[in-house]
Amino acid sequence: MDVKNVLGSIDTDFIRKGSAAVNSEDVKKVLDQANEITEKVVKSGPLQRFLKDVALLISMVRDYWSGAYREIPWWVIAAVVFTLLYVLSPIDLIPDFIPVIGLLDDAVVIALCLAMIEQDLLKYQEWKEAQTETTINEDEQEVT
């Protein structure tokens with residue numbers, strides 16, 4: 001396996017093509033297996049640096065799916081779902097069981113997805129932080 005060529009084949013078109021096939025069942029799978037995705041990131045050296053990002057991506061999918069946050073295009077959700085399912089799958093371009101290099105493709109896919117959706121992710125993060133502040137303020141008012 002030529003790792004350099006495999007990693008070189010992962011680009012934004014790879015994510016766009018993969019996300020074009022994403023459907024509601026894929027979204028449900030991500031939401032149902034969110035803990036498994038997070039656990040894989042926690043236990044994987046090359047992916048650990050993406051832990052906060054992956055948690056935010058899962059939260060964004062959850063809020064989109066529940067209808068709480070819809071200020072985002074479907075293609076962004078599809079790209080995130082494709083990326084999270086790619087990370088979840090142990091058999092991908094470089095199978096995860098190959099020591100040292102098995103998770104490099106997962107890291108590249110996450111990094112590319114984050115770059116592709118950066119603006120929408122930042123808007124979501126601002127919205128999410130505002131929701132948290134509102135909840136805290138409401139809780140403080142109830143205490144007094």
# chains A, B, ... in the order shown; residues from 1 in each chain; ligands from 1
>>> select_by_dssp(residues="segment 11-46 of chain A", states="helix (DSSP H, G or I)", output="number ranges by chain")
A: 12-20, 24-32, 34-43, 45-46
>>> write_last_selection(atoms="N, CA and C atoms", output="short mmCIF file (atom, residue, chain, number, x, y, z; two decimals), in the first residue's frame")
data_model
loop_
_atom_site.label_atom_id
_atom_site.label_comp_id
_atom_site.auth_asym_id
_atom_site.auth_seq_id
_atom_site.Cartn_x
_atom_site.Cartn_y
_atom_site.Cartn_z
N THR A 12 -10.98 17.61 -0.87
CA THR A 12 -12.36 18.08 -0.67
C THR A 12 -13.34 17.37 -1.60
N ASP A 13 -12.88 17.00 -2.79
CA ASP A 13 -13.76 16.25 -3.70
C ASP A 13 -14.12 14.88 -3.12
N PHE A 14 -13.18 14.26 -2.44
CA PHE A 14 -13.43 12.98 -1.78
C PHE A 14 -14.57 13.13 -0.77
N ILE A 15 -14.52 14.20 0.02
CA ILE A 15 -15.57 14.44 1.02
C ILE A 15 -16.88 14.83 0.33
N ARG A 16 -16.81 15.66 -0.70
CA ARG A 16 -18.04 16.05 -1.42
C ARG A 16 -18.73 14.84 -2.03
N LYS A 17 -17.94 13.96 -2.67
CA LYS A 17 -18.53 12.77 -3.29
C LYS A 17 -19.14 11.85 -2.23
N GLY A 18 -18.44 11.66 -1.15
CA GLY A 18 -18.95 10.82 -0.08
C GLY A 18 -20.19 11.40 0.57
N SER A 19 -20.21 12.71 0.74
CA SER A 19 -21.36 13.34 1.40
C SER A 19 -22.58 13.41 0.49
N ALA A 20 -22.38 13.30 -0.82
CA ALA A 20 -23.51 13.33 -1.76
C ALA A 20 -24.45 12.15 -1.54
N SER A 24 -30.90 10.28 5.56
CA SER A 24 -31.38 10.38 6.94
C SER A 24 -30.95 9.18 7.79
N GLU A 25 -30.84 8.02 7.18
CA GLU A 25 -30.38 6.84 7.94
C GLU A 25 -28.93 7.03 8.42
N ASP A 26 -28.12 7.68 7.59
CA ASP A 26 -26.74 7.96 7.98
C ASP A 26 -26.70 8.94 9.16
N VAL A 27 -27.56 9.94 9.12
CA VAL A 27 -27.63 10.89 10.23
C VAL A 27 -28.01 10.16 11.51
N LYS A 28 -29.02 9.30 11.43
CA LYS A 28 -29.44 8.53 12.60
C LYS A 28 -28.32 7.64 13.12
N LYS A 29 -27.55 7.07 12.21
CA LYS A 29 -26.44 6.20 12.61
C LYS A 29 -25.40 7.00 13.40
N VAL A 30 -25.07 8.20 12.92
CA VAL A 30 -24.12 9.05 13.63
C VAL A 30 -24.66 9.38 15.03
N LEU A 31 -25.92 9.73 15.11
CA LEU A 31 -26.49 10.09 16.41
C LEU A 31 -26.57 8.88 17.34
N ASP A 32 -26.92 7.73 16.78
CA ASP A 32 -26.99 6.50 17.58
C ASP A 32 -25.62 6.04 18.06
N ALA A 34 -22.85 8.05 18.43
CA ALA A 34 -22.02 9.20 18.82
C ALA A 34 -21.02 8.83 19.91
N ASN A 35 -21.42 8.01 20.86
CA ASN A 35 -20.50 7.61 21.92
C ASN A 35 -19.35 6.78 21.37
N GLU A 36 -19.64 5.89 20.42
CA GLU A 36 -18.60 5.06 19.82
C GLU A 36 -17.62 5.91 19.02
N ILE A 37 -18.14 6.90 18.32
CA ILE A 37 -17.26 7.80 17.55
C ILE A 37 -16.35 8.56 18.51
N THR A 38 -16.93 9.11 19.56
CA THR A 38 -16.14 9.86 20.54
C THR A 38 -15.11 8.96 21.20
N GLU A 39 -15.50 7.76 21.57
CA GLU A 39 -14.58 6.82 22.21
C GLU A 39 -13.40 6.48 21.30
N LYS A 40 -13.67 6.30 20.02
CA LYS A 40 -12.59 6.00 19.08
C LYS A 40 -11.61 7.16 19.02
N VAL A 41 -12.11 8.37 19.01
CA VAL A 41 -11.25 9.55 18.95
C VAL A 41 -10.41 9.64 20.24
N VAL A 42 -11.04 9.40 21.38
CA VAL A 42 -10.34 9.47 22.66
C VAL A 42 -9.21 8.46 22.73
N LYS A 43 -9.45 7.26 22.22
CA LYS A 43 -8.47 6.17 22.34
C LYS A 43 -7.44 6.15 21.22
N GLY A 45 -4.42 7.91 19.22
CA GLY A 45 -3.40 8.95 19.27
C GLY A 45 -3.55 10.04 18.22
N PRO A 46 -3.55 9.70 16.93
CA PRO A 46 -3.61 10.75 15.90
C PRO A 46 -4.93 11.53 15.89
#
>>> residues_around(residues="Leu104 of chain A", least_positions_apart="3", cutoff="10 Å", atoms="only C-alpha atoms", output="MDAnalysis selection string")
chainID A and resid 3 7 45:47 93:96 100:101 107:110
>>> write_last_selection(atoms="C-alpha atoms", output="mmCIF file, in the first residue's frame")
data_model
loop_
_atom_site.group_PDB
_atom_site.id
_atom_site.type_symbol
_atom_site.label_atom_id
_atom_site.label_comp_id
_atom_site.auth_asym_id
_atom_site.auth_seq_id
_atom_site.Cartn_x
_atom_site.Cartn_y
_atom_site.Cartn_z
ATOM 1 C CA VAL A 3 0.325 5.495 1.932
ATOM 2 C CA LEU A 7 -3.436 10.164 1.644
ATOM 3 C CA GLY A 45 -3.400 8.951 19.268
ATOM 4 C CA PRO A 46 -3.615 10.746 15.899
ATOM 5 C CA LEU A 47 -7.280 11.652 16.434
ATOM 6 C CA LEU A 93 -8.760 3.756 2.643
ATOM 7 C CA ILE A 94 -6.130 2.797 5.231
ATOM 8 C CA PRO A 95 -7.627 0.167 7.564
ATOM 9 C CA ASP A 96 -7.459 1.298 11.195
ATOM 10 C CA VAL A 100 0.923 3.747 13.202
ATOM 11 C CA ILE A 101 -0.625 4.695 9.842
ATOM 12 C CA ALA A 107 -7.212 12.512 10.706
ATOM 13 C CA VAL A 108 -6.875 13.908 7.177
ATOM 14 C CA VAL A 109 -10.617 13.520 6.525
ATOM 15 C CA ILE A 110 -11.493 15.291 9.795
#
>>> closest_residue(among="A:Asp11, A:Arg49, A:Val61, A:Asn5", to="Trp75 of chain A", atoms="only C-alpha atoms")
A:Val61
>>> closest_residue(among="A:Leu51, A:Ala21, A:Ser44, A:Ile10", to="Phe97 of chain A", atoms="only C-alpha atoms")
A:Ser44
